>>> print(open('start_13.txt').read())   # compact mmCIF, C-alpha atoms
# COMPACT_ATOMS: atom_id res chain seq x y z
CA MET A 1 -50.47 -62.44 121.01
CA LEU A 2 -50.33 -60.56 117.77
CA ALA A 3 -50.37 -57.19 119.55
CA ARG A 4 -47.52 -58.34 121.74
CA TYR A 5 -45.56 -59.43 118.70
CA PHE A 6 -45.96 -56.03 117.09
CA ARG A 7 -45.02 -54.24 120.28
CA ILE A 8 -41.81 -56.23 120.42
CA ARG A 9 -41.18 -55.47 116.78
CA CYS A 10 -41.64 -51.76 117.49
CA LEU A 11 -39.32 -51.86 120.45
CA ALA A 12 -36.71 -53.60 118.36
CA ARG A 13 -36.84 -50.97 115.65
CA PRO A 14 -33.85 -48.76 115.27
CA HIS A 15 -34.19 -45.45 117.05
CA GLN A 16 -32.83 -43.56 114.10
CA PRO A 17 -34.12 -43.05 110.62
CA LEU A 18 -33.26 -45.93 108.30
CA ALA A 19 -32.09 -43.60 105.56
CA MET A 20 -28.39 -44.16 106.24
CA THR A 21 -26.28 -43.35 103.21
CA VAL A 22 -22.79 -44.57 102.51
CA SER A 23 -20.44 -41.72 101.75
CA TYR A 24 -19.77 -41.51 98.01
CA ASP A 25 -16.95 -39.02 98.42
CA ASN A 26 -15.17 -40.89 101.19
CA SER A 27 -15.54 -44.24 99.43
CA LYS A 28 -13.69 -42.66 96.52
CA ILE A 29 -11.04 -41.22 98.83
CA ILE A 30 -10.46 -44.65 100.38
CA PHE A 31 -10.28 -46.37 97.01
CA ASP A 32 -7.85 -43.76 95.70
CA GLY A 33 -5.84 -44.18 98.91
CA ILE A 34 -5.63 -47.94 98.35
CA LYS A 35 -4.38 -47.37 94.81
CA ALA A 36 -1.95 -44.67 95.89
CA ALA A 37 -0.47 -47.14 98.39
CA GLY A 38 0.48 -49.33 95.42
CA ILE A 39 -2.13 -52.02 96.04
CA LYS A 40 -2.92 -54.13 92.98
CA SER A 41 -5.31 -56.72 94.38
CA LEU A 42 -8.25 -56.79 96.79
CA SER A 43 -10.18 -59.59 98.43
CA ALA A 44 -13.56 -58.79 99.85
CA LEU A 45 -16.89 -59.93 101.03
CA PRO A 46 -19.34 -57.23 99.99
CA GLU A 47 -21.01 -55.31 102.80
CA THR A 48 -23.00 -52.10 102.81
CA TRP A 49 -20.27 -49.70 103.86
CA LEU A 50 -17.83 -51.23 101.37
CA GLY A 51 -20.30 -51.32 98.47
CA LEU A 52 -19.32 -48.13 96.63
CA LEU A 53 -15.67 -48.89 97.13
CA LEU A 54 -16.05 -52.37 95.66
CA GLN A 55 -17.97 -50.99 92.68
CA ARG A 56 -14.94 -48.84 91.92
CA ALA A 57 -12.63 -51.82 92.32
CA GLU A 58 -14.76 -53.88 89.95
CA ALA A 59 -14.62 -51.18 87.32
CA ASP A 60 -10.88 -50.56 87.61
CA PRO A 61 -8.69 -52.57 85.20
CA ASP A 62 -5.62 -52.01 87.38
CA ILE A 63 -7.16 -53.74 90.40
CA GLN A 64 -7.80 -57.46 90.70
CA LEU A 65 -10.85 -58.05 92.89
CA VAL A 66 -11.55 -61.45 94.43
CA GLN A 67 -14.92 -61.86 96.12
CA VAL A 68 -15.07 -64.65 98.64
CA ALA A 69 -17.91 -66.72 100.07
CA LYS A 70 -16.54 -66.31 103.60
CA GLU A 71 -13.87 -63.98 104.92
CA GLU A 72 -11.51 -66.71 106.11
CA GLU A 73 -10.94 -67.66 102.47
CA ALA A 74 -9.55 -64.17 101.95
CA VAL A 75 -6.75 -64.91 104.40
CA GLY A 76 -5.63 -67.79 102.17
CA ILE A 77 -5.99 -65.68 99.03
CA ALA A 78 -4.01 -62.86 100.66
CA ALA A 79 -1.27 -65.34 101.56
CA GLY A 80 -1.20 -66.51 97.94
CA ALA A 81 -0.95 -62.92 96.73
CA TYR A 82 1.86 -62.25 99.21
CA PHE A 83 3.81 -65.30 98.05
CA ALA A 84 3.26 -64.08 94.49
CA GLY A 85 4.63 -60.64 95.35
CA THR A 86 1.38 -58.80 94.56
CA PRO A 87 0.40 -56.01 96.99
CA HIS A 88 -2.98 -57.04 98.39
CA VAL A 89 -5.52 -55.64 100.85
CA LEU A 90 -8.42 -57.43 102.53
CA LEU A 91 -11.77 -55.67 102.90
CA MET A 92 -14.30 -57.04 105.34
CA GLN A 93 -16.83 -56.24 108.01
CA ASN A 94 -15.84 -56.76 111.65
CA HIS A 95 -18.17 -59.76 111.89
CA GLY A 96 -16.39 -61.29 108.92
CA PHE A 97 -13.10 -60.65 110.69
CA PHE A 98 -14.39 -62.75 113.60
CA GLY A 99 -15.16 -65.56 111.15
CA ALA A 100 -11.63 -65.38 109.76
CA ILE A 101 -9.78 -65.62 113.06
CA ASN A 102 -8.47 -69.17 112.77
CA GLY A 103 -6.95 -68.38 109.40
CA ILE A 104 -5.45 -65.16 110.75
CA VAL A 105 -3.89 -66.98 113.70
CA SER A 106 -2.96 -70.33 112.15
CA LEU A 107 -1.86 -69.14 108.74
CA ALA A 108 -0.92 -65.46 108.85
CA GLN A 109 0.51 -65.19 112.36
CA LEU A 110 1.94 -68.72 112.49
CA TYR A 111 3.81 -68.36 109.19
CA HIS A 112 4.57 -64.60 109.50
CA VAL A 113 2.47 -63.70 106.49
CA PRO A 114 1.47 -60.00 106.52
CA LEU A 115 -2.18 -59.02 106.14
CA CYS A 116 -3.40 -55.48 105.58
CA MET A 117 -7.05 -55.52 106.63
CA LEU A 118 -9.52 -52.68 106.17
CA ILE A 119 -12.39 -53.53 108.48
CA ALA A 120 -15.80 -51.84 108.50
CA LEU A 121 -16.49 -51.22 112.19
CA ARG A 122 -20.22 -51.84 112.42
CA GLY A 123 -22.08 -51.80 115.70
CA HIS A 124 -20.25 -48.93 117.34
CA TRP A 125 -21.05 -45.30 118.28
CA GLY A 126 -24.30 -44.25 116.62
CA GLU A 127 -25.25 -47.76 115.53
CA PRO A 128 -29.03 -47.99 115.06
CA TYR A 129 -29.17 -51.71 114.25
CA PRO A 130 -29.26 -54.04 117.26
CA TRP A 131 -27.78 -56.98 115.35
CA HIS A 132 -24.48 -55.21 114.79
CA THR A 133 -23.95 -54.01 118.33
CA ARG A 134 -22.38 -56.98 120.09
CA GLY A 135 -19.76 -57.38 117.38
CA GLY A 136 -18.97 -53.69 117.46
CA ILE A 137 -18.56 -53.71 121.22
CA VAL A 138 -16.00 -56.54 121.24
CA THR A 139 -13.99 -55.74 118.10
CA GLU A 140 -11.26 -53.71 119.76
CA ASN A 141 -10.79 -56.26 122.54
CA VAL A 142 -10.57 -59.12 120.06
CA LEU A 143 -7.91 -57.25 118.09
CA ARG A 144 -5.96 -56.61 121.31
CA ALA A 145 -6.26 -60.24 122.39
CA LEU A 146 -4.84 -61.36 119.05
CA GLY A 147 -2.00 -58.84 119.19
CA ILE A 148 -3.13 -57.22 115.95
CA PRO A 149 -2.08 -53.56 115.71
CA PHE A 150 -4.97 -51.30 114.74
CA GLU A 151 -5.97 -47.70 114.15
CA TYR A 152 -9.34 -46.00 113.71
CA ALA A 153 -9.96 -44.19 110.44
CA ARG A 154 -12.35 -41.29 111.04
CA ASP A 155 -11.04 -38.38 108.99
CA PRO A 156 -11.21 -38.40 105.19
CA HIS A 157 -8.18 -36.10 105.09
CA LYS A 158 -6.05 -38.66 106.90
CA VAL A 159 -7.34 -41.99 105.67
CA ALA A 160 -5.09 -42.29 102.61
CA LYS A 161 -2.03 -41.82 104.81
CA GLN A 162 -3.41 -44.34 107.30
CA ILE A 163 -3.88 -46.93 104.54
CA ARG A 164 -0.34 -46.39 103.31
CA GLU A 165 1.03 -46.70 106.84
CA ALA A 166 -1.05 -49.81 107.58
CA TRP A 167 0.33 -51.39 104.43
CA THR A 168 3.92 -50.43 105.26
CA PHE A 169 3.64 -51.72 108.81
CA SER A 170 2.10 -55.04 107.76
CA GLN A 171 5.04 -55.63 105.42
CA SER A 172 7.77 -54.66 107.88
CA SER A 173 6.24 -56.51 110.85
CA LEU A 174 5.12 -59.55 108.80
CA SER A 175 1.93 -59.34 110.81
CA PRO A 176 -1.76 -58.74 110.33
CA VAL A 177 -2.70 -55.11 110.86
CA ALA A 178 -6.18 -53.58 110.89
CA LEU A 179 -7.51 -50.19 109.92
CA LEU A 180 -11.01 -49.78 111.35
CA LEU A 181 -13.32 -47.82 109.06
CA THR A 182 -15.71 -45.91 111.33
CA ARG A 183 -19.18 -44.45 110.87
CA ASP A 184 -17.72 -40.91 110.81
CA LEU A 185 -15.85 -41.88 107.66
CA MET A 186 -18.27 -44.24 105.95
CA GLU A 187 -21.64 -42.50 106.34
CA ASP A 188 -22.84 -39.10 105.26
CA MET B 189 -5.62 -96.88 96.76
CA GLN B 190 -3.07 -95.19 98.97
CA ARG B 191 -2.50 -91.47 99.05
CA ALA B 192 1.27 -91.96 99.34
CA ALA B 193 1.23 -93.86 96.04
CA CYS B 194 -0.74 -91.06 94.36
CA ILE B 195 1.66 -88.41 95.64
CA GLU B 196 4.61 -90.50 94.48
CA MET B 197 3.04 -90.72 91.04
CA MET B 198 2.65 -86.94 90.93
CA TYR B 199 6.05 -86.14 92.39
CA PRO B 200 8.15 -86.07 89.17
CA GLU B 201 5.73 -83.48 87.75
CA LEU B 202 5.95 -81.20 90.77
CA GLU B 203 9.48 -79.85 90.38
CA ASP B 204 8.41 -76.72 88.49
CA LYS B 205 4.90 -76.31 89.96
CA LEU B 206 3.76 -74.45 93.05
CA VAL B 207 2.46 -77.04 95.48
CA VAL B 208 0.33 -76.32 98.54
CA THR B 209 -0.52 -79.19 100.82
CA ILE B 210 -2.66 -79.60 103.90
CA MET B 211 -1.36 -80.68 107.28
CA GLY B 212 -0.59 -84.07 108.66
CA ALA B 213 -0.17 -87.24 106.63
CA CYS B 214 -0.47 -85.53 103.26
CA ALA B 215 2.29 -83.01 104.06
CA GLN B 216 4.52 -85.69 105.53
CA GLU B 217 4.16 -88.05 102.59
CA LEU B 218 5.14 -85.28 100.19
CA TYR B 219 8.04 -84.20 102.39
CA ASN B 220 9.29 -87.79 102.68
CA LEU B 221 9.75 -87.94 98.90
CA GLY B 222 12.14 -85.00 99.15
CA HIS B 223 11.40 -81.40 100.02
CA CYS B 224 11.54 -78.80 97.27
CA GLU B 225 11.56 -75.04 97.72
CA ASN B 226 8.33 -74.77 95.73
CA PHE B 227 6.35 -76.80 98.31
CA PHE B 228 4.29 -75.06 100.98
CA TYR B 229 2.96 -77.15 103.85
CA LEU B 230 -0.10 -75.63 105.53
CA GLN B 231 0.28 -77.33 108.89
CA HIS B 232 -2.85 -75.73 110.37
CA ALA B 233 -5.63 -73.38 109.26
CA MET B 234 -7.64 -76.30 107.91
CA GLY B 235 -9.58 -75.54 104.76
CA LEU B 236 -7.39 -72.76 103.44
CA ALA B 237 -4.98 -74.72 101.20
CA SER B 238 -7.23 -74.23 98.18
CA SER B 239 -7.66 -70.54 99.01
CA ILE B 240 -3.87 -70.11 99.04
CA GLY B 241 -3.81 -71.98 95.74
CA LEU B 242 -6.41 -69.63 94.30
CA GLY B 243 -4.43 -66.60 95.45
CA LEU B 244 -1.27 -68.01 93.85
CA ALA B 245 -2.99 -69.02 90.63
CA MET B 246 -4.75 -65.69 90.12
CA HIS B 247 -1.66 -63.63 90.79
CA LEU B 248 0.79 -65.88 88.92
CA PRO B 249 -1.04 -66.76 85.72
CA ARG B 250 2.12 -68.20 84.12
CA GLU B 251 2.73 -70.72 86.93
CA ARG B 252 0.94 -74.02 87.47
CA VAL B 253 -0.45 -74.49 90.96
CA ILE B 254 -1.32 -77.83 92.54
CA VAL B 255 -3.24 -78.07 95.82
CA LEU B 256 -3.21 -81.31 97.80
CA ASP B 257 -6.30 -81.21 100.00
CA GLY B 258 -8.27 -83.68 102.11
CA ASP B 259 -11.89 -84.40 102.90
CA GLY B 260 -11.64 -83.21 106.51
CA SER B 261 -9.99 -79.95 105.46
CA VAL B 262 -12.19 -79.17 102.50
CA LEU B 263 -15.33 -79.84 104.54
CA MET B 264 -14.26 -76.87 106.68
CA ASN B 265 -14.28 -74.55 103.67
CA LEU B 266 -16.86 -75.80 101.17
CA GLY B 267 -17.35 -72.23 99.95
CA THR B 268 -13.94 -72.53 98.34
CA PHE B 269 -15.43 -74.60 95.49
CA ALA B 270 -17.83 -71.77 94.66
CA THR B 271 -15.05 -69.18 94.77
CA LEU B 272 -12.79 -71.38 92.62
CA ALA B 273 -15.61 -71.90 90.11
CA ARG B 274 -16.35 -68.17 89.95
CA TYR B 275 -12.77 -67.17 89.11
CA ARG B 276 -11.88 -70.42 87.32
CA PRO B 277 -8.09 -70.08 87.26
CA ARG B 278 -6.89 -72.12 84.31
CA ASN B 279 -3.62 -72.94 86.02
CA LEU B 280 -4.95 -74.63 89.16
CA ILE B 281 -5.37 -78.33 89.90
CA HIS B 282 -7.15 -79.08 93.17
CA VAL B 283 -6.64 -82.67 94.34
CA VAL B 284 -8.82 -83.78 97.25
CA PHE B 285 -7.70 -87.01 98.91
CA ASP B 286 -10.86 -88.42 100.45
CA ASN B 287 -9.98 -91.03 103.04
CA GLY B 288 -13.30 -90.59 104.87
CA SER B 289 -11.40 -90.01 108.05
CA LEU B 290 -9.98 -87.38 110.34
CA LEU B 291 -6.84 -89.48 110.40
CA SER B 292 -4.48 -87.09 112.11
CA THR B 293 -6.76 -86.67 115.11
CA GLY B 294 -7.52 -90.29 115.81
CA GLY B 295 -9.21 -91.63 112.72
CA PHE B 296 -12.77 -90.51 113.40
CA ASP B 297 -15.04 -90.95 110.42
CA SER B 298 -15.54 -87.77 108.43
CA HIS B 299 -18.89 -86.91 106.89
CA THR B 300 -17.86 -88.58 103.65
CA THR B 301 -17.81 -91.95 105.40
CA SER B 302 -20.48 -91.53 108.05
CA GLY B 303 -22.98 -89.96 105.74
CA VAL B 304 -23.64 -89.82 102.06
CA THR B 305 -21.59 -86.74 101.29
CA ASP B 306 -20.06 -86.73 97.82
CA ILE B 307 -17.28 -84.14 97.54
CA ALA B 308 -17.04 -84.50 93.75
CA ALA B 309 -20.75 -83.75 93.46
CA ILE B 310 -20.30 -80.68 95.66
CA ALA B 311 -17.46 -79.45 93.43
CA ARG B 312 -19.55 -80.05 90.31
CA GLY B 313 -22.56 -78.39 91.89
CA ALA B 314 -20.43 -75.39 92.77
CA GLY B 315 -19.73 -75.03 89.06
CA ILE B 316 -16.38 -76.74 88.53
CA GLU B 317 -16.78 -78.33 85.14
CA HIS B 318 -13.74 -80.59 85.16
CA THR B 319 -14.25 -82.71 88.25
CA ALA B 320 -13.01 -86.29 88.32
CA LEU B 321 -13.81 -88.93 90.94
CA VAL B 322 -11.29 -91.78 91.03
CA ASP B 323 -10.71 -94.80 93.25
CA ASN B 324 -7.70 -96.59 91.75
CA GLU B 325 -4.19 -95.63 90.81
CA VAL B 326 -4.60 -96.00 87.07
CA ALA B 327 -7.64 -93.73 87.07
CA PHE B 328 -5.84 -91.27 89.32
CA GLY B 329 -2.84 -91.17 87.03
CA GLU B 330 -5.04 -90.61 84.00
CA ALA B 331 -7.03 -87.87 85.73
CA PHE B 332 -3.83 -86.13 86.79
CA VAL B 333 -2.31 -86.27 83.30
CA GLU B 334 -5.57 -84.98 81.81
CA ALA B 335 -5.59 -82.13 84.31
CA LEU B 336 -1.98 -81.24 83.47
CA GLU B 337 -2.77 -81.19 79.76
CA ARG B 338 -6.00 -79.28 80.23
CA ASP B 339 -5.73 -75.52 80.30
CA ASP B 340 -8.51 -75.14 82.84
CA LEU B 341 -9.42 -75.45 86.52
CA SER B 342 -9.53 -79.12 87.48
CA VAL B 343 -10.65 -80.93 90.62
CA ILE B 344 -9.68 -84.55 91.27
CA VAL B 345 -11.38 -86.30 94.17
CA ALA B 346 -9.35 -89.42 94.97
CA LYS B 347 -10.80 -92.08 97.25
CA VAL B 348 -7.89 -93.34 99.34
CA ALA B 349 -7.32 -95.58 102.34
CA ALA B 350 -7.14 -94.01 105.79
CA ILE B 351 -3.44 -94.77 106.21
CA GLY B 352 -0.68 -92.36 107.10
CA PRO B 353 3.09 -92.43 107.54
CA GLU B 354 4.64 -94.10 110.55
CA HIS B 355 6.72 -91.11 111.57
CA TYR B 356 6.03 -87.40 111.50
CA GLY B 357 8.57 -84.60 111.52
CA MET B 358 10.21 -82.11 109.23
CA ASP B 359 13.50 -80.28 109.41
CA LEU B 360 11.75 -77.08 108.40
CA GLN B 361 10.29 -74.36 110.61
CA LEU B 362 6.92 -73.03 109.53
CA PRO B 363 7.93 -69.38 108.86
CA GLU B 364 11.09 -70.67 107.18
CA ASN B 365 8.89 -72.65 104.78
CA ALA B 366 6.88 -69.50 104.00
CA PHE B 367 9.99 -67.33 103.51
CA ARG B 368 11.72 -69.82 101.23
CA PHE B 369 8.57 -70.59 99.25
CA ARG B 370 8.06 -66.89 98.56
CA ARG B 371 11.71 -66.39 97.66
CA TRP B 372 11.61 -69.27 95.18
CA ILE B 373 8.57 -67.71 93.47
CA LEU B 374 10.01 -64.20 93.34
CA ASP B 375 13.45 -65.38 92.14
CA ARG B 376 11.77 -67.36 89.38
CA ALA B 377 9.63 -64.38 88.39
CA ARG B 378 12.75 -62.20 88.21
CA SER B 379 14.68 -64.64 86.07
CA ALA B 380 11.78 -65.42 83.71
CA PRO B 381 11.76 -63.68 80.34
CA SER B 382 9.09 -61.01 80.40
>>> encode(input="start_13.txt", output="structure tokens")
Amino acid sequence: MLARYFRIRCLARPHQPLAMTVSYDNSKIIFDGIKAAGIKSLSALPETWLGLLLQRAEADPDIQLVQVAKEEEAVGIAAGAYFAGTPHVLLMQNHGFFGAINGIVSLAQLYHVPLCMLIALRGHWGEPYPWHTRGGIVTENVLRALGIPFEYARDPHKVAKQIREAWTFSQSSLSPVALLLTRDLMED
Amino acid sequence: MQRAACIEMMYPELEDKLVVTIMGACAQELYNLGHCENFFYLQHAMGLASSIGLGLAMHLPRERVIVLDGDGSVLMNLGTFATLARYRPRNLIHVVFDNGSLLSTGGFDSHTTSGVTDIAAIARGAGIEHTALVDNEVAFGEAFVEALERDDLSVIVAKVAAIGPEHYGMDLQLPENAFRFRRWILDRARSAPS
């Protein structure tokens, strides 16, 4: 029984080395891109890929960071920031996005409140961790089903422009928009 | 104690505050007293009224924000108490009308009636220091006045009867409410002395 347990454990182990590192340089580029887009406030639920970025936000006196207990709260906070006239971006993992869907549909879309979401796309190409995979596989289809415009961010040379454009489009369309932060961008 | 009576008691104080209410009876009872441009009615997205209030309060430190919540809604977003406690906006009053019922969907008992759930204890446990639990109009009025005078985050849990208005309906489209609410805030910010 024990041997069988360990065999299963071994089979379930990621087939890549665990020493994944979040890109320091690209986290800085993304944070600088957020600031360059004129964003003054961020809501977030910390996750691995967003960690370095959030550390920068925490240390920056010009950025107001609100950490939430669950991502759906951030939809309410973003609506409050929008009503207050403060440029705001939401940072979350794709699984957190799934948990926020009712708020996105029944607050943001229903009331035409824009949301600019930067979403860490876990569980996609190159994903070693089984637990992320199902969420990664369905993310694009869920975004399509909800009518949320999205782009993939892969290239550090383009991501600042993509953030600025995501922000602009959210404000002109009064809609949620999503920029998907991919492994190419977030890992070294 | 009736929620409508509590809202009526608060109403004269609301004219210069940002008010966010949950759906259903609570929204209707406020609306029936007379709509103001600084009222936002969250007619869906249960649980998020206090999160909107937090977003408003943190980004508009010079405004007072009042959230009218309910037991059914707040039970869908209990994490909100922890987030409120962490950021502790001094300009936010979070009123939770606890009628122990999912009134708008047929009056099913909520957990606060069926079980032993104590929303005020949850708020206190989450770290909200100024949490009042009241079950009569005098105590509600006192708690509200204290909250207005206090320069700190306040939660008032008000035990009310599971009674709602006889008629529902507003002459206000949902996006229209959002647009006008935002415009009222931004116009006020522009005209305020800096």
>>> closest_atom_pairs(input="start_13.txt", of="chain B", to="chain A", cutoff="6 Å", atoms="all atoms listed in the file", output="Markdown table")
| residue | atom | partner | partner_atom | distance |
| --- | --- | --- | --- | --- |
| B:His232 | CA | A:Ser106 | CA | 5.7 |
| B:Ala233 | CA | A:Ser106 | CA | 5.0 |
| B:Leu236 | CA | A:Gly76 | CA | 5.4 |
| B:Ser239 | CA | A:Gly76 | CA | 4.7 |
| B:Ile240 | CA | A:Gly76 | CA | 4.3 |
| B:Gly243 | CA | A:Ile77 | CA | 4.0 |
| B:Leu244 | CA | A:Gly80 | CA | 4.4 |
| B:Gly267 | CA | A:Ala69 | CA | 5.5 |
| B:Thr271 | CA | A:Val68 | CA | 6.0 |
| B:Leu362 | CA | A:Tyr111 | CA | 5.6 |
| B:Pro363 | CA | A:Tyr111 | CA | 4.3 |
| B:Arg370 | CA | A:Phe83 | CA | 4.6 |
>>> closest_residue(input="start_13.txt", among="A:Leu118, A:Leu179, A:Ile163, A:Leu146", to="Asp32 in chain A", atoms="all atoms listed in the file")
A:Ile163
>>> closest_residue(input="start_13.txt", among="A:Leu174, A:Met92, A:Ala145, A:Ala100", to="Thr48 in chain A", atoms="only C-alpha atoms")
A:Met92
>>> residues_around(input="start_13.txt", residues="Asp297 in chain B", least_positions_apart="5", cutoff="9 Å", atoms="all atoms listed in the file", output="list in words")
Asn287, Gly288, Ser289, Leu290, Leu291 and Ser302 of chain B
>>> residues_around(input="start_13.txt", residues="Lys161 in chain A", least_positions_apart="2", cutoff="12 Å", atoms="all atoms listed in the file", output="list in words")
Ile29, Ile30, Asp32, Gly33, Ile34, Lys35, Ala36, Ala37, Glu151, Ala153, Asp155, Pro156, His157, Lys158, Val159, Ile163, Arg164, Glu165, Ala166, Trp167, Thr168 and Leu179 of chain A
>>> atom_distance(input="start_13.txt", atom1="CA of Leu206 in chain B", atom2="CA of Glu364 in chain B")
16.4 Å
